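Text of target_12.cif, listed as mmCIF, C-alpha atoms and all ligand atoms:
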data_structure
loop_
_atom_site.label_atom_id
_atom_site.label_comp_id
_atom_site.auth_asym_id
_atom_site.auth_seq_id
_atom_site.Cartn_x
_atom_site.Cartn_y
_atom_site.Cartn_z
CA MET A 1 14.03 15.22 -9.90
CA THR A 2 11.93 18.32 -10.45
CA THR A 3 8.94 18.97 -8.28
CA PRO A 4 5.68 19.28 -10.22
CA PRO A 5 4.24 22.81 -10.33
CA THR A 6 1.71 23.52 -7.59
CA HIS A 7 -1.78 24.86 -8.22
CA ALA A 8 -0.67 28.44 -7.84
CA ASP A 9 1.97 28.34 -10.56
CA VAL A 10 -0.30 28.07 -13.60
CA PRO A 11 -3.95 29.16 -13.47
CA GLY A 12 -6.23 26.24 -14.17
CA ARG A 13 -3.48 23.66 -13.78
CA PHE A 14 -2.97 21.25 -10.93
CA GLY A 15 0.47 19.92 -11.67
CA PRO A 16 0.08 18.59 -15.21
CA TYR A 17 -3.71 18.26 -14.92
CA GLY A 18 -6.56 20.57 -15.86
CA GLY A 19 -6.28 23.12 -18.66
CA GLN A 20 -8.74 24.22 -21.33
CA TYR A 21 -9.09 21.69 -24.14
CA VAL A 22 -12.08 23.28 -25.86
CA PRO A 23 -13.10 24.58 -29.28
CA GLU A 24 -11.86 28.10 -30.05
CA THR A 25 -15.46 29.42 -29.98
CA LEU A 26 -15.67 28.72 -26.24
CA MET A 27 -12.47 30.49 -25.23
CA PRO A 28 -13.92 34.02 -24.96
CA CYS A 29 -16.70 32.79 -22.76
CA LEU A 30 -14.36 30.80 -20.48
CA ARG A 31 -12.32 33.98 -20.12
CA GLU A 32 -15.44 36.01 -19.37
CA LEU A 33 -16.59 33.45 -16.79
CA GLU A 34 -13.20 33.42 -15.10
CA ALA A 35 -13.10 37.22 -14.90
CA VAL A 36 -16.65 37.50 -13.54
CA TRP A 37 -16.00 34.75 -10.99
CA LEU A 38 -12.68 36.22 -9.81
CA ALA A 39 -14.34 39.62 -9.36
CA ALA A 40 -17.33 38.10 -7.55
CA ARG A 41 -15.39 36.04 -5.06
CA THR A 42 -14.07 39.15 -3.34
CA ASP A 43 -17.13 41.35 -3.95
CA PRO A 44 -18.97 41.89 -0.64
CA ALA A 45 -22.30 42.35 -2.44
CA PHE A 46 -21.96 39.02 -4.23
CA LEU A 47 -20.85 37.21 -1.09
CA ALA A 48 -23.72 38.70 0.91
CA GLU A 49 -26.27 37.63 -1.70
CA LEU A 50 -24.83 34.11 -1.78
CA ALA A 51 -24.73 33.88 2.01
CA GLU A 52 -28.37 34.94 2.23
CA LEU A 53 -29.39 32.26 -0.28
CA HIS A 54 -27.35 29.67 1.63
CA ALA A 55 -29.09 30.53 4.87
CA ASP A 56 -32.66 31.26 3.86
CA TYR A 57 -33.11 29.28 0.65
CA SER A 58 -30.94 26.20 1.06
CA GLY A 59 -30.90 25.90 4.85
CA ARG A 60 -27.22 26.33 5.69
CA PRO A 61 -25.27 25.69 7.75
CA THR A 62 -26.10 22.01 7.40
CA PRO A 63 -25.71 20.14 10.71
CA LEU A 64 -22.75 18.01 11.74
CA TYR A 65 -24.41 14.98 13.33
CA ARG A 66 -22.76 12.32 15.47
CA ALA A 67 -24.01 8.93 14.22
CA ARG A 68 -23.73 6.92 17.44
CA ARG A 69 -25.41 3.72 16.32
CA PHE A 70 -23.55 3.66 13.01
CA GLU A 71 -20.39 4.30 15.00
CA ALA A 72 -21.12 1.26 17.19
CA ALA A 73 -21.63 -0.87 14.08
CA CYS A 74 -18.18 0.29 12.93
CA GLY A 75 -16.62 -1.24 16.06
CA GLY A 76 -17.29 1.49 18.64
CA LYS A 77 -13.71 2.75 18.73
CA ALA A 78 -14.21 5.98 16.83
CA ARG A 79 -16.57 8.93 16.81
CA VAL A 80 -18.23 9.37 13.43
CA TRP A 81 -19.70 12.72 12.42
CA LEU A 82 -21.88 13.07 9.36
CA LYS A 83 -21.86 16.36 7.47
CA ARG A 84 -25.53 16.57 6.55
CA GLU A 85 -25.48 17.87 2.98
CA ASP A 86 -28.53 15.66 2.47
CA LEU A 87 -30.51 18.30 4.38
CA ASN A 88 -29.89 20.97 1.76
CA HIS A 89 -32.79 22.22 -0.32
CA THR A 90 -33.06 19.73 -3.25
CA GLY A 91 -31.38 17.03 -1.16
CA ALA A 92 -27.69 17.18 -2.01
CA HIS A 93 -24.59 19.35 -2.09
CA LYS A 94 -25.15 20.23 -5.77
CA ILE A 95 -27.22 23.29 -4.87
CA ASN A 96 -24.13 24.97 -3.33
CA ASN A 97 -22.49 25.15 -6.72
CA CYS A 98 -25.68 26.06 -8.60
CA LEU A 99 -26.50 28.99 -6.33
CA GLY A 100 -23.02 30.40 -6.92
CA GLN A 101 -23.10 29.88 -10.68
CA VAL A 102 -26.60 31.27 -11.24
CA LEU A 103 -25.52 34.51 -9.59
CA LEU A 104 -22.58 34.60 -12.01
CA ALA A 105 -24.92 33.87 -14.95
CA LYS A 106 -27.07 36.85 -13.95
CA ARG A 107 -23.96 39.06 -13.75
CA MET A 108 -23.05 37.97 -17.27
CA GLY A 109 -26.57 38.79 -18.47
CA LYS A 110 -27.36 35.24 -19.59
CA ALA A 111 -31.01 34.31 -20.18
CA ARG A 112 -30.64 30.53 -20.20
CA LEU A 113 -28.93 27.77 -18.23
CA ILE A 114 -27.67 24.48 -19.66
CA ALA A 115 -26.76 21.48 -17.53
CA GLU A 116 -25.93 17.81 -17.79
CA THR A 117 -27.05 15.39 -15.14
CA GLY A 118 -26.44 11.80 -14.10
CA ALA A 119 -28.30 11.07 -10.88
CA GLY A 120 -30.61 13.95 -11.68
CA GLN A 121 -29.43 15.83 -8.59
CA HIS A 122 -27.46 18.42 -10.53
CA GLY A 123 -30.31 18.77 -13.04
CA VAL A 124 -32.77 19.37 -10.22
CA ALA A 125 -30.42 21.86 -8.57
CA THR A 126 -29.96 23.71 -11.88
CA ALA A 127 -33.69 23.71 -12.67
CA THR A 128 -34.26 25.02 -9.16
CA VAL A 129 -31.90 27.97 -9.45
CA ALA A 130 -33.22 28.71 -12.96
CA ALA A 131 -36.71 29.06 -11.49
CA LEU A 132 -35.30 31.13 -8.65
CA ALA A 133 -33.57 33.53 -11.04
CA GLY A 134 -36.21 33.50 -13.79
CA LEU A 135 -33.95 31.92 -16.43
CA ARG A 136 -34.82 29.31 -19.04
CA CYS A 137 -33.24 25.90 -18.47
CA THR A 138 -32.33 22.87 -20.58
CA VAL A 139 -31.00 19.71 -18.93
CA TYR A 140 -29.35 16.86 -20.84
CA MET A 141 -29.73 13.42 -19.30
CA GLY A 142 -28.82 9.96 -20.56
CA GLN A 143 -31.89 7.86 -21.30
CA VAL A 144 -30.63 5.09 -18.97
CA ASP A 145 -30.31 7.61 -16.14
CA MET A 146 -33.78 9.00 -16.91
CA GLN A 147 -35.19 5.55 -16.25
CA ARG A 148 -33.09 5.04 -13.12
CA GLN A 149 -33.94 8.45 -11.72
CA GLU A 150 -37.52 8.99 -12.84
CA PRO A 151 -38.58 11.07 -9.78
CA ASN A 152 -35.86 13.61 -10.53
CA VAL A 153 -36.99 13.87 -14.16
CA GLN A 154 -40.46 14.76 -12.89
CA ARG A 155 -39.01 17.30 -10.47
CA MET A 156 -37.03 19.07 -13.20
CA ARG A 157 -40.11 19.30 -15.43
CA LEU A 158 -42.21 20.62 -12.54
CA LEU A 159 -39.57 23.29 -12.00
CA GLY A 160 -40.00 24.41 -15.59
CA ALA A 161 -36.90 22.86 -17.16
CA GLU A 162 -36.77 21.11 -20.50
CA VAL A 163 -35.23 17.63 -20.02
CA VAL A 164 -33.60 16.29 -23.18
CA PRO A 165 -33.00 12.51 -23.32
CA VAL A 166 -29.57 11.57 -24.66
CA LEU A 167 -29.58 8.42 -26.77
CA SER A 168 -25.92 8.24 -27.80
CA GLY A 169 -23.20 6.01 -26.33
CA ALA A 170 -23.96 4.30 -23.04
CA ARG A 171 -26.78 6.86 -22.54
CA THR A 172 -25.41 8.00 -19.18
CA LEU A 173 -23.54 11.00 -17.79
CA LYS A 174 -20.59 11.15 -20.18
CA ASP A 175 -22.92 11.24 -23.18
CA ALA A 176 -25.16 13.85 -21.55
CA THR A 177 -22.07 16.00 -20.89
CA SER A 178 -21.01 15.81 -24.54
CA GLU A 179 -24.50 16.92 -25.64
CA ALA A 180 -24.52 19.80 -23.16
CA ILE A 181 -21.16 21.01 -24.48
CA ARG A 182 -22.51 20.84 -28.03
CA ASP A 183 -25.51 23.00 -27.06
CA TRP A 184 -23.22 25.46 -25.30
CA VAL A 185 -20.96 25.87 -28.33
CA THR A 186 -24.05 26.70 -30.39
CA ASN A 187 -25.78 29.02 -27.91
CA VAL A 188 -22.89 30.52 -26.01
CA ALA A 189 -24.07 34.12 -26.45
CA ASP A 190 -27.18 33.81 -24.27
CA SER A 191 -26.54 30.57 -22.32
CA HIS A 192 -24.43 29.69 -19.31
CA TYR A 193 -23.38 26.07 -18.87
CA ILE A 194 -23.48 25.05 -15.21
CA ILE A 195 -21.08 22.13 -14.90
CA GLY A 196 -22.13 20.07 -11.88
CA SER A 197 -18.77 18.95 -10.59
CA THR A 198 -15.09 19.84 -10.33
CA VAL A 199 -14.51 18.79 -13.95
CA GLY A 200 -14.36 20.44 -17.37
CA PRO A 201 -12.10 23.25 -18.58
CA HIS A 202 -10.69 25.96 -16.31
CA PRO A 203 -12.20 27.83 -14.46
CA TYR A 204 -14.82 25.17 -13.62
CA PRO A 205 -12.77 22.78 -11.43
CA THR A 206 -11.48 25.61 -9.24
CA MET A 207 -14.69 27.63 -9.30
CA VAL A 208 -16.89 24.65 -8.38
CA ARG A 209 -14.49 23.69 -5.57
CA ASP A 210 -14.72 27.27 -4.35
CA PHE A 211 -18.52 27.15 -4.26
CA GLN A 212 -18.45 23.74 -2.52
CA SER A 213 -15.78 24.74 0.01
CA VAL A 214 -18.60 25.94 2.27
CA ILE A 215 -18.96 22.24 3.22
CA GLY A 216 -15.43 21.94 4.57
CA ILE A 217 -15.33 25.42 6.10
CA GLU A 218 -18.50 24.71 8.07
CA ALA A 219 -17.46 21.16 8.97
CA ARG A 220 -14.11 22.37 10.32
CA ARG A 221 -15.74 24.99 12.53
CA GLN A 222 -18.44 22.53 13.69
CA VAL A 223 -16.07 19.71 14.58
CA LEU A 224 -13.85 22.14 16.50
CA GLU A 225 -16.94 23.28 18.43
CA LYS A 226 -18.12 19.75 19.19
CA GLU A 227 -14.86 17.88 19.72
CA GLY A 228 -12.56 20.72 20.72
CA ARG A 229 -10.10 19.51 18.11
CA LEU A 230 -9.69 18.68 14.46
CA PRO A 231 -10.80 15.29 13.16
CA ASP A 232 -8.27 12.58 12.39
CA VAL A 233 -9.98 11.55 9.21
CA ALA A 234 -12.29 13.09 6.58
CA ILE A 235 -14.01 10.88 4.00
CA ALA A 236 -16.07 11.71 0.90
CA CYS A 237 -17.23 9.86 -2.19
CA VAL A 238 -15.77 10.89 -5.54
CA GLY A 239 -17.68 11.06 -8.80
CA GLY A 240 -16.38 14.15 -10.56
CA GLY A 241 -15.10 15.13 -7.14
CA SER A 242 -17.05 18.21 -6.05
CA ASN A 243 -18.40 17.14 -2.66
CA ALA A 244 -14.99 15.69 -1.81
CA ALA A 245 -13.20 18.85 -2.96
CA GLY A 246 -15.61 20.91 -0.87
CA LEU A 247 -15.04 18.85 2.26
CA PHE A 248 -11.27 18.58 1.77
CA ALA A 249 -10.97 22.35 1.26
CA GLY A 250 -11.64 22.72 4.98
CA PHE A 251 -8.89 20.33 6.04
CA VAL A 252 -6.24 20.17 3.33
CA ASP A 253 -3.85 22.44 5.23
CA ASP A 254 -4.38 20.56 8.51
CA PRO A 255 -2.89 17.25 9.71
CA VAL A 256 -6.09 15.39 8.78
CA ALA A 257 -6.02 12.14 6.78
CA LEU A 258 -8.20 12.60 3.68
CA TYR A 259 -9.88 9.74 1.84
CA GLY A 260 -11.72 9.92 -1.49
CA VAL A 261 -13.90 6.94 -2.34
CA GLU A 262 -14.63 5.97 -5.92
CA ALA A 263 -17.21 3.52 -7.22
CA GLY A 264 -15.76 0.02 -7.56
CA GLY A 265 -18.95 -1.10 -9.32
CA SER A 266 -19.54 -4.79 -10.00
CA SER A 267 -18.80 -7.40 -12.66
CA LEU A 268 -20.53 -4.94 -15.03
CA GLY A 269 -17.69 -2.44 -14.63
CA HIS A 270 -16.66 0.40 -12.35
CA SER A 271 -16.02 4.13 -12.38
CA ALA A 272 -12.76 4.28 -10.44
CA ALA A 273 -10.86 6.69 -12.70
CA LEU A 274 -8.20 7.47 -10.08
CA ALA A 275 -7.69 3.92 -8.84
CA LEU A 276 -7.76 2.21 -12.24
CA GLY A 277 -7.56 4.86 -14.96
CA THR A 278 -4.79 6.69 -16.82
CA PRO A 279 -4.39 10.39 -17.67
CA GLY A 280 -6.03 11.74 -20.82
CA VAL A 281 -8.30 14.50 -22.09
CA LEU A 282 -12.05 14.34 -21.53
CA HIS A 283 -14.61 17.17 -21.62
CA GLY A 284 -12.09 19.95 -21.79
CA SER A 285 -9.48 18.96 -19.24
CA TYR A 286 -6.52 16.65 -18.70
CA SER A 287 -7.11 14.21 -15.87
CA TYR A 288 -7.28 10.55 -14.93
CA LEU A 289 -10.00 8.73 -16.86
CA LEU A 290 -11.11 5.30 -17.98
CA GLN A 291 -9.80 4.66 -21.48
CA ASP A 292 -8.59 1.75 -23.54
CA ASP A 293 -5.18 1.42 -25.21
CA ASP A 294 -6.41 3.47 -28.18
CA GLY A 295 -7.55 6.33 -25.96
CA GLN A 296 -11.23 5.44 -26.40
CA VAL A 297 -13.21 6.29 -23.27
CA VAL A 298 -14.50 3.16 -21.55
CA PRO A 299 -18.08 3.37 -20.22
CA ALA A 300 -18.23 3.63 -16.45
CA HIS A 301 -20.52 1.64 -14.21
CA SER A 302 -21.85 2.24 -10.73
CA ILE A 303 -25.06 1.49 -8.92
CA ALA A 304 -24.93 5.17 -7.98
CA ALA A 305 -25.80 7.25 -11.05
CA GLY A 306 -23.95 10.26 -9.65
CA LEU A 307 -20.67 8.34 -9.58
CA ASP A 308 -21.16 6.82 -13.02
CA TYR A 309 -18.65 9.00 -14.90
CA PRO A 310 -15.40 7.80 -16.54
CA GLY A 311 -13.43 10.91 -15.57
CA VAL A 312 -12.58 12.77 -12.38
CA GLY A 313 -11.54 16.30 -11.57
CA PRO A 314 -7.97 17.46 -12.30
CA GLU A 315 -7.31 18.58 -8.73
CA HIS A 316 -8.07 15.08 -7.45
CA SER A 317 -5.66 13.70 -10.05
CA PHE A 318 -2.99 15.97 -8.65
CA LEU A 319 -3.83 15.15 -5.02
CA LYS A 320 -3.57 11.46 -5.87
CA ASP A 321 -0.11 11.91 -7.39
CA THR A 322 1.14 14.00 -4.47
CA GLY A 323 -0.30 11.52 -1.98
CA ARG A 324 -2.07 14.23 0.06
CA VAL A 325 -5.36 12.36 -0.43
CA THR A 326 -5.72 8.57 -0.41
CA TYR A 327 -8.18 7.28 -3.00
CA ASP A 328 -9.82 3.91 -2.69
CA LYS A 329 -12.91 2.20 -4.08
CA VAL A 330 -16.04 0.58 -2.73
CA ASP A 331 -18.13 -1.78 -4.84
CA ASP A 332 -21.90 -1.79 -5.42
CA ALA A 333 -22.59 -4.50 -2.81
CA GLU A 334 -20.58 -2.76 -0.07
CA ALA A 335 -22.34 0.54 -0.83
CA LEU A 336 -25.76 -1.15 -0.66
CA ALA A 337 -24.85 -2.70 2.69
CA ALA A 338 -23.87 0.70 4.09
CA PHE A 339 -27.05 2.19 2.62
CA GLY A 340 -29.11 -0.35 4.58
CA ASP A 341 -27.05 0.22 7.71
CA LEU A 342 -27.63 3.95 7.82
CA CYS A 343 -31.36 3.56 7.13
CA ARG A 344 -31.91 1.19 10.01
CA LEU A 345 -29.26 2.37 12.46
CA GLU A 346 -29.77 6.11 12.14
CA GLY A 347 -33.12 6.71 10.45
CA ILE A 348 -31.33 8.46 7.61
CA ILE A 349 -31.77 7.28 4.02
CA PRO A 350 -28.46 8.22 2.34
CA ALA A 351 -27.83 8.64 -1.36
CA LEU A 352 -26.17 5.59 -2.92
CA GLU A 353 -23.27 7.90 -3.79
CA SER A 354 -22.77 8.89 -0.15
CA SER A 355 -23.15 5.22 0.85
CA HIS A 356 -19.76 4.61 -0.77
CA ALA A 357 -18.16 6.98 1.76
CA LEU A 358 -20.06 5.32 4.63
CA ALA A 359 -18.96 1.86 3.50
CA PHE A 360 -15.35 2.99 3.33
CA CYS A 361 -15.63 4.48 6.82
CA ARG A 362 -16.82 1.14 8.14
CA ARG A 363 -14.04 -0.71 6.33
CA LEU A 364 -11.35 1.67 7.58
CA LEU A 365 -12.53 1.51 11.18
CA GLY A 366 -12.58 -2.29 10.97
CA ASP A 367 -8.91 -2.31 9.93
CA GLU A 368 -6.91 -2.44 13.18
CA ALA A 369 -3.56 -1.76 11.55
CA ALA A 370 -4.83 1.26 9.61
CA CYS A 371 -6.46 2.70 12.74
CA ALA A 372 -3.27 2.21 14.78
CA GLN A 373 -1.37 4.08 12.07
CA LEU A 374 -3.89 6.93 12.08
CA ARG A 375 -3.68 7.18 15.88
CA ALA A 376 0.10 7.16 15.81
CA ALA A 377 0.19 9.86 13.13
CA ARG A 378 -1.94 12.42 14.91
CA ALA A 379 -0.50 15.45 16.63
CA ALA A 380 -2.13 14.63 19.97
CA GLY A 381 -0.54 11.17 20.00
CA PRO A 382 -1.87 7.60 19.98
CA ASP A 383 -3.52 7.82 23.42
CA ALA A 384 -5.59 10.93 22.76
CA GLY A 385 -8.91 9.09 22.82
CA PRO A 386 -10.97 7.63 20.00
CA LEU A 387 -10.40 8.52 16.37
CA VAL A 388 -12.64 11.34 15.16
CA VAL A 389 -14.00 10.85 11.66
CA VAL A 390 -16.03 13.22 9.47
CA VAL A 391 -17.97 11.61 6.62
CA ASN A 392 -19.64 13.78 4.02
CA LEU A 393 -23.23 12.68 3.60
CA SER A 394 -23.44 14.30 0.18
CA GLY A 395 -27.13 13.64 -0.42
CA ARG A 396 -30.32 11.88 0.56
CA GLY A 397 -31.46 8.61 -0.94
CA ASP A 398 -35.12 9.16 -1.70
CA LYS A 399 -34.21 9.22 -5.39
CA ASP A 400 -32.71 5.72 -5.09
CA MET A 401 -35.48 3.88 -3.28
CA HIS A 402 -37.42 2.65 -6.29
CA GLY A 403 -34.37 0.88 -7.75
CA ASP A 404 -31.70 -1.51 -6.56
CA ALA A 405 -31.39 0.06 -3.14
CA GLY A 406 -35.06 -0.29 -2.34
CA ALA A 407 -35.16 -3.86 -3.56
CA HIS A 408 -31.81 -5.16 -2.32
CA GLY A 409 -30.48 -2.71 0.25
CA ALA A 410 -31.82 -4.79 3.09
CA ALA A 411 -30.71 -8.16 1.78
CA ALA A 412 -27.21 -6.83 1.11
CA THR A 413 -26.66 -6.15 4.79
CA ASP A 414 -27.24 -9.78 5.82
CA GLY A 415 -24.11 -11.27 7.28
CA ASN A 416 -22.69 -7.81 7.62
CA GLY A 417 -22.94 -7.75 11.41
CA GLY A 418 -24.72 -5.04 13.37
CA ASP A 419 -27.84 -5.30 15.45
CA HIS A 420 -30.38 -4.20 12.90
CA GLY A 421 -33.44 -6.20 12.02
CA GLN A 422 -35.24 -6.75 8.77
CA ALA A 423 -35.79 -3.95 6.29
CA ARG A 424 -39.29 -3.66 5.08
C1 LIG B 501 -23.61 14.05 -7.91
C2 LIG B 501 -23.47 13.44 -6.60
C3 LIG B 501 -22.23 12.92 -6.16
C4 LIG B 501 -21.01 12.87 -7.03
O1 LIG B 501 -20.56 14.09 -7.49
P1 LIG B 501 -19.24 14.79 -6.92
O2 LIG B 501 -19.03 15.92 -7.85
O3 LIG B 501 -18.15 13.78 -6.94
O4 LIG B 501 -19.55 15.22 -5.55
C5 LIG B 501 -22.15 12.44 -4.88
N1 LIG B 501 -23.22 12.41 -4.07
C6 LIG B 501 -24.42 12.88 -4.45
C7 LIG B 501 -25.57 12.82 -3.51
C8 LIG B 501 -24.59 13.39 -5.72
O5 LIG B 501 -25.79 13.86 -6.10
#
Go ahead and express the file in the form of structure tokens.
Ligand SMILES: *Cc1c(COP(=O)(O)O)cnc(C)c1O
Amino acid sequence: MTTPPTHADVPGRFGPYGGQYVPETLMPCLRELEAVWLAARTDPAFLAELAELHADYSGRPTPLYRARRFEAACGGKARVWLKREDLNHTGAHKINNCLGQVLLAKRMGKARLIAETGAGQHGVATATVAALAGLRCTVYMGQVDMQRQEPNVQRMRLLGAEVVPVLSGARTLKDATSEAIRDWVTNVADSHYIIGSTVGPHPYPTMVRDFQSVIGIEARRQVLEKEGRLPDVAIACVGGGSNAAGLFAGFVDDPVALYGVEAGGSSLGHSAALALGTPGVLHGSYSYLLQDDDGQVVPAHSIAAGLDYPGVGPEHSFLKDTGRVTYDKVDDAEALAAFGDLCRLEGIIPALESSHALAFCRRLLGDEAACAQLRAARAAGPDAGPLVVVVNLSGRGDKDMHGDAGAHGAAATDGNGGDHGQAR
């Protein structure tokens, strides 16, 4: 047996995954982007500018908050810390990546930003940094998502972006991504394409993880401060995989159990590319994705628009194969129940995407055998006190309130235990 190559062996490859499956016209600009990014990541001036924006514009570091009442609803045998990415400017972790990339766009002398968006969060974050940097901005968004995420469409337009409805395919994120790539191929000279997750051709998956690693670096320092030790478990939801990659970056070299949670959807479908997909090429890279026997991409479904993507980042594909990260899925109903729980138990309205991670946390802590295994596995031994869990609260749920969550979030928690009352 040969061991698969590690990340370091081939740039842009994670084992067999990743790569650059793009039209020839885009290759020079991927090379330029990679060079500018590699120079920037060790340039003190760049890092200082980014750090200042993190602190004064976005509000970093985001807090690490111990959710005591949610913890009790999970059985009371663990301490659960929420990494509050929902408190970022624009309400999600997406801004971390956009702030980094807009600084690169300025270094490359680009006058215009292009983005695709599903939940609207990445579109809002891109429109925001475009305004900040004085660049023009075009955001592609599936028409179905525009209806589901109307407040974010209004936000992007207020911020000066042009929002282009995408009417092809299932009219969601995959179709918007294809349109954005088409625009980029045409306008590559003056436009930078800000991909919103750890997907697409190299250098995006690595570069976006780099910009999101601030989540895990902060969380590691904060949990050490508050608990005096590393957590036993870190959990994040996985759409394309950027908030998870950012959180995991802080813990991947530590003896911390890592869980990535995909959208199990409903009878309408799912978007669990890692759990239920097979490897193939989508949007410029080789990775797990949802496809039929003929290699046709199968439309994804999730109640959370930000998870509604048939692919997933190449690094996650590799981490699945190596077993370093455990990937599981949570369905729409479980996510809605967790959404309602956090609202009423903690006074925090989470994004539906993040609610998948919360639901998995609750499920894991309710599983006696799994918890015993986690306790036995830790360096400090099985008797070293309660399990310590970090959950990435990737975003806030204001954007979701007018839809299914607002209507059904409360009802979905009935019979789910806990001491909460009615949601009104
Ligand atoms: C976009 C989004 C996600 C999913 O994207 P990843 O790249 O997998 O992180 C998760 N949570 C929120 C709040 C989002 O906006």
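Across A:Leu113, A:Ala133, A:Ile195, A:Ala39, the tightest approach to ligand LIG 501 (chain B) is made by A:Ile195 when counting only C-alpha atoms and all ligand atoms.
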Residues near region 266-270 of chain A, cut-off 6 Å, only C-alpha atoms, skip fewer than 5 positions along chain, as a ChimeraX atom specification: /A:300-302,332
- request: For a cut-off of 10 Å around (-25.2, 34.5, -16.1), file coordinates, pick out all residues using all atoms listed in the file and list them as a count of residues only.
  value: 22
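Separating CA of Ala236 (chain A) from atom C3 of ligand LIG 501 (chain B) is a distance of 9.4 Å.
Identified as lying at most 7 Å from ligand LIG 501 (chain B) when counting only C-alpha atoms and all ligand atoms are the residues Ala92, His93, Lys94, Ala119, Gln121, His122, Gly196, Ser197, Thr198, Cys237, Val238, Gly239, Gly240, Gly241, Ser242, Asn243, Ala244, Gly306, Leu307, Ala351, Glu353, Ser354, Ser394, Gly395 and Arg396 of chain A.
Atom pair CA of Tyr140 (chain A) / CA of Ile181 (chain A): separated by 9.9 Å.
You can rank A:Gly216, A:Gly265, A:Pro310, A:Pro201 by their closest distance to Arg84 (chain A) using all atoms listed in the file, and at the top of that list sits A:Gly216.
From CA of Ala249 (chain A) back to CA of Ile217 (chain A), the distance works out to 7.2 Å.
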query: Can you tell me, as a PyMOL selection string, which residues sit within 10 Å of (-17.7, 20.0, 9.8) in the file's frame, using only C-alpha atoms?
result: chain A and resi 61-65+81-84+214-226+230-231+234+247+250-251+390-392
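Proximity of A:Asp145, A:Asp308, A:Asp86, A:Asp367 to Ala272 (chain A), computed with all atoms listed in the file, is greatest for A:Asp308.
Minimum atom-to-atom distance to Val325 (chain A), evaluated using all atoms listed in the file, belongs to A:Val252 out of A:Thr128, A:Val252, A:Cys137, A:Gln20.
Checking A:Gln373, A:Ser285, A:Ser271, A:Ser317 one by one against Val330 (chain A), counting all atoms listed in the file, you find the shortest gap at A:Ser271.
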Produce the centre coordinates and the three edge lengths, each in Å to one decimal, of the box along x, y and z that contains all listed atoms of region 296-310 of chain A with 3 Å added on each side, as JSON.
{"center_x": -18.5, "center_y": 5.9, "center_z": -17.2, "size_x": 20.6, "size_y": 14.8, "size_z": 24.4}
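Each of A:Leu393, A:Val129, A:Cys343, A:Val163 was compared to Arg69 (chain A) using only C-alpha atoms, and A:Cys343 turns out to be the nearest.
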